[in-house]
Amino acid sequence: QVQLVESGGGLVQAGGSLRLSCAASERIPSINIMYWYRQAPGKQREIVASITTGGRPFYADSVKGRFTISRVNAKNTVYLQMNSLKPEDTAIYYCNTDYTLIRGFWGQGTQVTVSS
């Protein structure tokens with residue numbers, strides 16, 4: 001069964017930090033790129049960061065310098081270290097992979113709420 005399980009969200013004050021984790025099931029074959037997306041209330045889902053198997057990261061301009069994406073290939077896991085959080089970072093955060101993304105599969109996500 002294909003699964004994406006996100007965790008690590010919560011309520012934090014502005015300026016604080018959170019570390020999100022995502023485990024993709026081993027049944028997902030040939031993962032190349034892993035992603036973090038987020039969706040804020042009333043807004044479209046947007047990409048936050050991505051990372052290739054070789055460790056090359058990409059960041060949305062809004063999170064550059066504050067968020068760090070990393071992964072453990074052998075475990076099909078991806079992490080998102082979020083520092084200097086702002087109220088506008090409040091959203092549900094989702095991970096995904098290139099394999100599951102093109103098939104329209106999404107996990108439940110994890111809620112991040114940043115209070116001012």
# chains A, B, ... in the order shown; residues from 1 in each chain; ligands from 1
>>> select_by_dssp(residues="chain A", states="helix (DSSP H, G or I)", output="PyMOL selection string")
chain A and resi 73-75+87-89+98-101
>>> residues_around(residues="Pro29 (chain A)", least_positions_apart="3", cutoff="10 Å", atoms="only C-alpha atoms", output="VMD selection string")
chain A and resid 2 25 to 26 32 76 99 to 100
>>> select_by_dssp(residues="region 26-101 of chain A", states="strand (DSSP E or B)", output="count of residues only")
34
>>> closest_residue(among="A:Thr90, A:Thr77, A:Ser116, A:Thr52", to="Val5 (chain A)", atoms="only C-alpha atoms")
A:Thr77
>>> atom_distance(atom1="CA of Leu20 (chain A)", atom2="CA of Asp98 (chain A)")
18.9 Å
>>> atom_distance(atom1="CA of Pro87 (chain A)", atom2="CA of Val112 (chain A)")
9.7 Å
>>> residues_around(residues="Arg38 (chain A)", least_positions_apart="4", cutoff="12 Å", atoms="only C-alpha atoms", output="JSON, numbers by chain")
{"A": [6, 9, 20, 42, 43, 44, 45, 46, 47, 48, 49, 60, 62, 63, 80, 88, 89, 90, 91, 92, 93, 94, 95, 96, 106, 107, 108, 109, 110, 111, 112, 113]}
>>> closest_residue(among="A:Ile28, A:Asn83, A:Thr53, A:Tyr35", to="Gln3 (chain A)", atoms="only C-alpha atoms")
A:Ile28
>>> closest_residue(among="A:Leu11, A:Leu85, A:Cys22, A:Pro41", to="Ile69 (chain A)", atoms="only C-alpha atoms")
A:Cys22
>>> atom_distance(atom1="CA of Ser7 (chain A)", atom2="CA of Lys64 (chain A)")
21.6 Å
>>> closest_residue(among="A:Val72, A:Ile51, A:Ala14, A:Leu4", to="Phe105 (chain A)", atoms="only C-alpha atoms")
A:Leu4
>>> closest_residue(among="A:Ile31, A:Arg66, A:Gln81, A:Gly15", to="Gly54 (chain A)", atoms="only C-alpha atoms")
A:Ile31
>>> residues_around(residues="Gln13 (chain A)", least_positions_apart="2", cutoff="6 Å", atoms="only C-alpha atoms", output="PyMOL selection string")
chain A and resi 16+114-115
>>> write_last_selection(atoms="N, CA and C atoms", output="PDB file, in the first residue's frame")
ATOM      1  N   GLY A  16       9.893  30.825  16.265  1.00  0.00           N
ATOM      2  CA  GLY A  16      10.215  29.497  16.738  1.00  0.00           C
ATOM      3  C   GLY A  16      10.575  28.544  15.619  1.00  0.00           C
ATOM      4  N   VAL A 114       1.490  29.074  13.354  1.00  0.00           N
ATOM      5  CA  VAL A 114       2.452  30.012  13.921  1.00  0.00           C
ATOM      6  C   VAL A 114       1.688  31.216  14.445  1.00  0.00           C
ATOM      7  N   SER A 115       1.781  31.430  15.729  1.00  0.00           N
ATOM      8  CA  SER A 115       1.072  32.555  16.344  1.00  0.00           C
ATOM      9  C   SER A 115       1.974  33.783  16.396  1.00  0.00           C
TER      10      SER A 115
END
>>> closest_residue(among="A:Gln39, A:Asp61, A:Lys75, A:Lys86", to="Arg27 (chain A)", atoms="only C-alpha atoms")
A:Lys75
>>> decode(residues="region 12-59 of chain A", atoms="N, CA and C atoms", output="PDB file, in the first residue's frame")
ATOM      1  N   VAL A  12       3.344  26.946  17.326  1.00  0.00           N
ATOM      2  CA  VAL A  12       4.599  27.558  17.750  1.00  0.00           C
ATOM      3  C   VAL A  12       4.470  29.075  17.621  1.00  0.00           C
ATOM      4  N   GLN A  13       5.190  29.788  18.443  1.00  0.00           N
ATOM      5  CA  GLN A  13       5.193  31.242  18.351  1.00  0.00           C
ATOM      6  C   GLN A  13       6.084  31.698  17.209  1.00  0.00           C
ATOM      7  N   ALA A  14       5.796  32.871  16.712  1.00  0.00           N
ATOM      8  CA  ALA A  14       6.629  33.453  15.653  1.00  0.00           C
ATOM      9  C   ALA A  14       8.084  33.506  16.126  1.00  0.00           C
ATOM     10  N   GLY A  15       8.976  33.144  15.223  1.00  0.00           N
ATOM     11  CA  GLY A  15      10.388  33.072  15.552  1.00  0.00           C
ATOM     12  C   GLY A  15      10.842  31.701  16.015  1.00  0.00           C
ATOM     13  N   GLY A  16       9.893  30.825  16.265  1.00  0.00           N
ATOM     14  CA  GLY A  16      10.215  29.497  16.738  1.00  0.00           C
ATOM     15  C   GLY A  16      10.575  28.544  15.619  1.00  0.00           C
ATOM     16  N   SER A  17      10.764  27.272  15.986  1.00  0.00           N
ATOM     17  CA  SER A  17      11.196  26.249  15.039  1.00  0.00           C
ATOM     18  C   SER A  17      10.352  24.991  15.174  1.00  0.00           C
ATOM     19  N   LEU A  18      10.247  24.279  14.075  1.00  0.00           N
ATOM     20  CA  LEU A  18       9.639  22.953  14.048  1.00  0.00           C
ATOM     21  C   LEU A  18      10.399  22.102  13.051  1.00  0.00           C
ATOM     22  N   ARG A  19      10.356  20.803  13.260  1.00  0.00           N
ATOM     23  CA  ARG A  19      10.969  19.867  12.312  1.00  0.00           C
ATOM     24  C   ARG A  19       9.909  18.875  11.873  1.00  0.00           C
ATOM     25  N   LEU A  20       9.610  18.893  10.606  1.00  0.00           N
ATOM     26  CA  LEU A  20       8.633  17.977  10.038  1.00  0.00           C
ATOM     27  C   LEU A  20       9.332  16.730   9.501  1.00  0.00           C
ATOM     28  N   SER A  21       8.642  15.623   9.594  1.00  0.00           N
ATOM     29  CA  SER A  21       9.148  14.367   9.066  1.00  0.00           C
ATOM     30  C   SER A  21       8.108  13.747   8.156  1.00  0.00           C
ATOM     31  N   CYS A  22       8.568  12.982   7.193  1.00  0.00           N
ATOM     32  CA  CYS A  22       7.660  12.273   6.303  1.00  0.00           C
ATOM     33  C   CYS A  22       8.279  10.937   5.941  1.00  0.00           C
ATOM     34  N   ALA A  23       7.482   9.899   6.099  1.00  0.00           N
ATOM     35  CA  ALA A  23       7.908   8.565   5.705  1.00  0.00           C
ATOM     36  C   ALA A  23       7.064   8.115   4.530  1.00  0.00           C
ATOM     37  N   ALA A  24       7.737   7.810   3.437  1.00  0.00           N
ATOM     38  CA  ALA A  24       7.069   7.255   2.265  1.00  0.00           C
ATOM     39  C   ALA A  24       7.197   5.744   2.318  1.00  0.00           C
ATOM     40  N   SER A  25       6.109   5.056   2.011  1.00  0.00           N
ATOM     41  CA  SER A  25       6.142   3.599   2.151  1.00  0.00           C
ATOM     42  C   SER A  25       7.151   2.979   1.193  1.00  0.00           C
ATOM     43  N   GLU A  26       7.683   1.854   1.604  1.00  0.00           N
ATOM     44  CA  GLU A  26       8.694   1.170   0.800  1.00  0.00           C
ATOM     45  C   GLU A  26       8.134   0.656  -0.511  1.00  0.00           C
ATOM     46  N   ARG A  27       6.817   0.609  -0.621  1.00  0.00           N
ATOM     47  CA  ARG A  27       6.205   0.121  -1.855  1.00  0.00           C
ATOM     48  C   ARG A  27       6.310   1.144  -2.987  1.00  0.00           C
ATOM     49  N   ILE A  28       6.710   2.354  -2.666  1.00  0.00           N
ATOM     50  CA  ILE A  28       6.869   3.362  -3.706  1.00  0.00           C
ATOM     51  C   ILE A  28       8.209   3.125  -4.392  1.00  0.00           C
ATOM     52  N   PRO A  29       8.179   2.783  -5.670  1.00  0.00           N
ATOM     53  CA  PRO A  29       9.444   2.459  -6.340  1.00  0.00           C
ATOM     54  C   PRO A  29      10.135   3.690  -6.903  1.00  0.00           C
ATOM     55  N   SER A  30      11.419   3.599  -6.993  1.00  0.00           N
ATOM     56  CA  SER A  30      12.220   4.560  -7.761  1.00  0.00           C
ATOM     57  C   SER A  30      11.932   6.012  -7.429  1.00  0.00           C
ATOM     58  N   ILE A  31      11.992   6.355  -6.154  1.00  0.00           N
ATOM     59  CA  ILE A  31      11.817   7.756  -5.771  1.00  0.00           C
ATOM     60  C   ILE A  31      13.052   8.531  -6.169  1.00  0.00           C
ATOM     61  N   ASN A  32      12.854   9.608  -6.906  1.00  0.00           N
ATOM     62  CA  ASN A  32      13.965  10.494  -7.257  1.00  0.00           C
ATOM     63  C   ASN A  32      13.871  11.769  -6.430  1.00  0.00           C
ATOM     64  N   ILE A  33      12.819  12.524  -6.661  1.00  0.00           N
ATOM     65  CA  ILE A  33      12.664  13.794  -5.962  1.00  0.00           C
ATOM     66  C   ILE A  33      11.616  13.653  -4.854  1.00  0.00           C
ATOM     67  N   MET A  34      11.916  14.245  -3.725  1.00  0.00           N
ATOM     68  CA  MET A  34      10.934  14.330  -2.635  1.00  0.00           C
ATOM     69  C   MET A  34      10.620  15.799  -2.384  1.00  0.00           C
ATOM     70  N   TYR A  35       9.369  16.053  -2.045  1.00  0.00           N
ATOM     71  CA  TYR A  35       8.876  17.424  -1.951  1.00  0.00           C
ATOM     72  C   TYR A  35       8.206  17.687  -0.610  1.00  0.00           C
ATOM     73  N   TRP A  36       8.175  18.961  -0.259  1.00  0.00           N
ATOM     74  CA  TRP A  36       7.274  19.482   0.751  1.00  0.00           C
ATOM     75  C   TRP A  36       6.417  20.556   0.088  1.00  0.00           C
ATOM     76  N   TYR A  37       5.122  20.433   0.281  1.00  0.00           N
ATOM     77  CA  TYR A  37       4.151  21.419  -0.152  1.00  0.00           C
ATOM     78  C   TYR A  37       3.420  21.934   1.085  1.00  0.00           C
ATOM     79  N   ARG A  38       2.714  23.028   0.907  1.00  0.00           N
ATOM     80  CA  ARG A  38       1.841  23.504   1.979  1.00  0.00           C
ATOM     81  C   ARG A  38       0.597  24.160   1.377  1.00  0.00           C
ATOM     82  N   GLN A  39      -0.457  24.143   2.177  1.00  0.00           N
ATOM     83  CA  GLN A  39      -1.704  24.792   1.772  1.00  0.00           C
ATOM     84  C   GLN A  39      -2.265  25.571   2.943  1.00  0.00           C
ATOM     85  N   ALA A  40      -2.311  26.874   2.771  1.00  0.00           N
ATOM     86  CA  ALA A  40      -2.874  27.750   3.791  1.00  0.00           C
ATOM     87  C   ALA A  40      -4.373  27.898   3.554  1.00  0.00           C
ATOM     88  N   PRO A  41      -5.112  28.259   4.585  1.00  0.00           N
ATOM     89  CA  PRO A  41      -6.565  28.415   4.429  1.00  0.00           C
ATOM     90  C   PRO A  41      -6.910  29.390   3.308  1.00  0.00           C
ATOM     91  N   GLY A  42      -7.770  28.957   2.403  1.00  0.00           N
ATOM     92  CA  GLY A  42      -8.220  29.814   1.320  1.00  0.00           C
ATOM     93  C   GLY A  42      -7.229  29.998   0.191  1.00  0.00           C
ATOM     94  N   LYS A  43      -6.121  29.278   0.246  1.00  0.00           N
ATOM     95  CA  LYS A  43      -5.095  29.431  -0.786  1.00  0.00           C
ATOM     96  C   LYS A  43      -4.822  28.104  -1.467  1.00  0.00           C
ATOM     97  N   GLN A  44      -4.195  28.174  -2.630  1.00  0.00           N
ATOM     98  CA  GLN A  44      -3.823  26.958  -3.345  1.00  0.00           C
ATOM     99  C   GLN A  44      -2.594  26.321  -2.711  1.00  0.00           C
ATOM    100  N   ARG A  45      -2.492  25.043  -2.922  1.00  0.00           N
ATOM    101  CA  ARG A  45      -1.307  24.335  -2.452  1.00  0.00           C
ATOM    102  C   ARG A  45      -0.089  24.849  -3.211  1.00  0.00           C
ATOM    103  N   GLU A  46       1.027  25.038  -2.486  1.00  0.00           N
ATOM    104  CA  GLU A  46       2.235  25.556  -3.112  1.00  0.00           C
ATOM    105  C   GLU A  46       3.442  24.744  -2.681  1.00  0.00           C
ATOM    106  N   ILE A  47       4.427  24.722  -3.550  1.00  0.00           N
ATOM    107  CA  ILE A  47       5.649  24.000  -3.221  1.00  0.00           C
ATOM    108  C   ILE A  47       6.466  24.820  -2.233  1.00  0.00           C
ATOM    109  N   VAL A  48       7.045  24.137  -1.279  1.00  0.00           N
ATOM    110  CA  VAL A  48       7.905  24.766  -0.282  1.00  0.00           C
ATOM    111  C   VAL A  48       9.365  24.448  -0.575  1.00  0.00           C
ATOM    112  N   ALA A  49       9.646  23.179  -0.801  1.00  0.00           N
ATOM    113  CA  ALA A  49      11.021  22.748  -1.029  1.00  0.00           C
ATOM    114  C   ALA A  49      11.002  21.376  -1.688  1.00  0.00           C
ATOM    115  N   SER A  50      12.117  21.043  -2.316  1.00  0.00           N
ATOM    116  CA  SER A  50      12.287  19.708  -2.874  1.00  0.00           C
ATOM    117  C   SER A  50      13.749  19.321  -2.757  1.00  0.00           C
ATOM    118  N   ILE A  51      14.003  18.025  -2.898  1.00  0.00           N
ATOM    119  CA  ILE A  51      15.367  17.541  -2.813  1.00  0.00           C
ATOM    120  C   ILE A  51      15.504  16.297  -3.672  1.00  0.00           C
ATOM    121  N   THR A  52      16.584  16.225  -4.425  1.00  0.00           N
ATOM    122  CA  THR A  52      16.827  15.073  -5.282  1.00  0.00           C
ATOM    123  C   THR A  52      17.500  13.960  -4.495  1.00  0.00           C
ATOM    124  N   THR A  53      17.613  12.812  -5.141  1.00  0.00           N
ATOM    125  CA  THR A  53      18.298  11.681  -4.514  1.00  0.00           C
ATOM    126  C   THR A  53      19.733  12.053  -4.184  1.00  0.00           C
ATOM    127  N   GLY A  54      20.325  12.881  -5.003  1.00  0.00           N
ATOM    128  CA  GLY A  54      21.705  13.312  -4.775  1.00  0.00           C
ATOM    129  C   GLY A  54      21.847  14.422  -3.755  1.00  0.00           C
ATOM    130  N   GLY A  55      20.726  14.891  -3.208  1.00  0.00           N
ATOM    131  CA  GLY A  55      20.790  15.895  -2.160  1.00  0.00           C
ATOM    132  C   GLY A  55      20.700  17.334  -2.625  1.00  0.00           C
ATOM    133  N   ARG A  56      20.370  17.546  -3.899  1.00  0.00           N
ATOM    134  CA  ARG A  56      20.258  18.918  -4.387  1.00  0.00           C
ATOM    135  C   ARG A  56      18.918  19.502  -3.965  1.00  0.00           C
ATOM    136  N   PRO A  57      18.936  20.605  -3.221  1.00  0.00           N
ATOM    137  CA  PRO A  57      17.683  21.182  -2.741  1.00  0.00           C
ATOM    138  C   PRO A  57      17.160  22.308  -3.625  1.00  0.00           C
ATOM    139  N   PHE A  58      15.890  22.523  -3.501  1.00  0.00           N
ATOM    140  CA  PHE A  58      15.228  23.691  -4.078  1.00  0.00           C
ATOM    141  C   PHE A  58      14.347  24.278  -2.994  1.00  0.00           C
ATOM    142  N   TYR A  59      14.294  25.614  -2.941  1.00  0.00           N
ATOM    143  CA  TYR A  59      13.448  26.280  -1.955  1.00  0.00           C
ATOM    144  C   TYR A  59      12.616  27.371  -2.617  1.00  0.00           C
TER     145      TYR A  59
END
